[in-house]
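Student: Would you mind keeping the following structure in view while I ask a few things?
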Amino acid sequence: MTDDHQTGQKPWQNRLLGGFRRTSDRLSENLTGLFTKATLDSETLDEIEEALIASDLGPGTAARIRERLAGERFERGLDEAGVRQVVADEIARILAPVAEPLEIDAFPRPQVILVIGVNGSGKTTTIAKLARRFIEQDYGVMLVAGDTFRAAAIGQLKVWAERLGVPIISGKEGGDAASLVFEGVKQGVATGIDVLIVDTAGRLQNKAGLMDELGKIRRVLGRLNPEAPHDVVLVLDATTGQNAMSQIEVFKEVAGVTGLVMTKLDGTARGGILVAAAEKYGLPIHAIGVGEGMDDLRPFDPHEAAAAIAGA
Ligand SMILES: Nc1nc2c(ncn2[C@@H]2O[C@H](COP(=O)(O)OP(=O)(O)OP(=O)(O)O)[C@@H](O)[C@H]2O)c(=O)[nH]1
């Protein structure tokens, strides 16, 4: 990996900060013009609170930051840097407890990770990235092409499996996902696999169908190992902003989410939604996606994210 000559930062850091920087640009834009007064009167505090809400941070966080700013005595008078620091501190306080990498610690093996999310969220790519990470950690990985609704999804996962050099269990379009998962666990046990990563269908528009399907996968898994699935990872596209919140709501209900991966933080991202999600749901954030390649999955660093979001 080469350094970027202009910034001295590695490309992925640029991509990450690029995404978050857009968020802070929004925040920055929204905050512009609010620092004309010498003190923070309640009108200015209201405006800052609105700016924070408009930046996707969520109303609870915005209200808390407002409260902290109201109680703050700025040493050198009211300045933008001081406000941003307070914002960054508050965001870091919310994000720190949810930063939690996905660990492989299930016994007996394999650890079964169901990956869920709407089509296009980056689910398949995230599976490849997770697999890559686990392979690097010397775990034996197997994939299951459980999104049987679209031939393209099966084909895409097969391509990733080949590139990664890992076995994959797949069937025909329209096939039964639960029986593929069953086969995956059986083969995983027989061949000493550590991690079974299962792709699933993401038809959010058909909630009952989705619930049936995920429920069936759960039942089949439970019969083989009552602890499985060990993880149910929801993949969210950060560029969808507030929409990500309703996806968490629905998938929590139909699938029992245990953690999140937020993708596309390198794109036209709105990282503020991470804060809103952390505040409202407190679900672990396992990693973030910062590009389309296998190596573009990064551990979630709450302090780096907070500083970038607040532009501090
Ligand atoms: N820029 C960027 N693109 C990403 C990231 N993750 C995924 N993508 C792209 O987003 C698109 C959708 O990703 P997929 O992995 O195919 O998403 P999916 O949720 O499996 O969607 P379906 O295949 O439609 O079910 C692809 O073009 C990916 O290359 C990311 O972190 N950053």
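In the structure tokens, each chain is lettered A, B, ... as it comes, each chain's residues begin at 1, and ligands are numbered from 1 in order of appearance.
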Output as a ChimeraX atom specification all residues of range 29-266 of chain A that backbone DSSP marks as strand (DSSP E or B).
Tutor: /A:99,111-116,141-146,168-169,195-200,231-237,259-263
Student: Counting only C-alpha atoms and all ligand atoms, what are the residues, protein, DNA or RNA alike, that approach ligand 1 to within 8 Å? I want them as a VMD selection string.
Tutor: chain A and resid 117 to 127 147 150 152 to 153 156 201 to 202 235 237 262 to 267 288 to 293 296 to 297
Student: Would you list the contacts of Ile91 in chain A as JSON, numbers by chain, taking every protein, DNA or RNA residue within 12 Å and counting only C-alpha atoms, but skipping same-chain residues closer than 2 positions in sequence?
Tutor: {"A": [52, 57, 58, 60, 61, 62, 64, 65, 84, 85, 86, 87, 88, 89, 93, 94, 95, 96, 97, 98, 271, 272, 273, 274, 275, 276, 277, 278, 279, 301, 302, 303, 304, 305, 306, 307, 308, 309, 310, 311, 312]}
Student: If you run DSSP on the backbone here, which positions in range 16-205 of chain A get helix (DSSP H, G or I)? Please write them as a PyMOL selection string.
Tutor: chain A and resi 16-31+42-54+59-71+80-98+123-136+151-164+177-191
Student: Just the residues within 9 Å of Gly140 in chain A, please, counting only C-alpha atoms, with nothing from its chain fewer than 5 positions along; format it as a list in words.
Tutor: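 That gives Phe134, Ile135, Val166, Gly192, Ile193, Asp194, Val195 and Leu196 of chain A.
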Student: Calculated over only C-alpha atoms, which of the candidates A:Thr239, A:Thr191, A:Asn225, A:Thr258 has the smallest distance to Val115 in chain A?
Tutor: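 Closest residue, counting only C-alpha atoms: A:Thr258.
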Student: For CA of Leu45 in chain A and CA of Ala70 in chain A, quote the distance in Å rounded to one decimal.
Tutor: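 Going from CA of Leu45 in chain A over to CA of Ala70 in chain A, I get 7.3 Å.
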Student: What is the CA of Asp199 in chain A to CA of Pro108 in chain A distance in Å?
Tutor: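 For CA of Asp199 in chain A relative to CA of Pro108 in chain A, the distance reads 21.3 Å.
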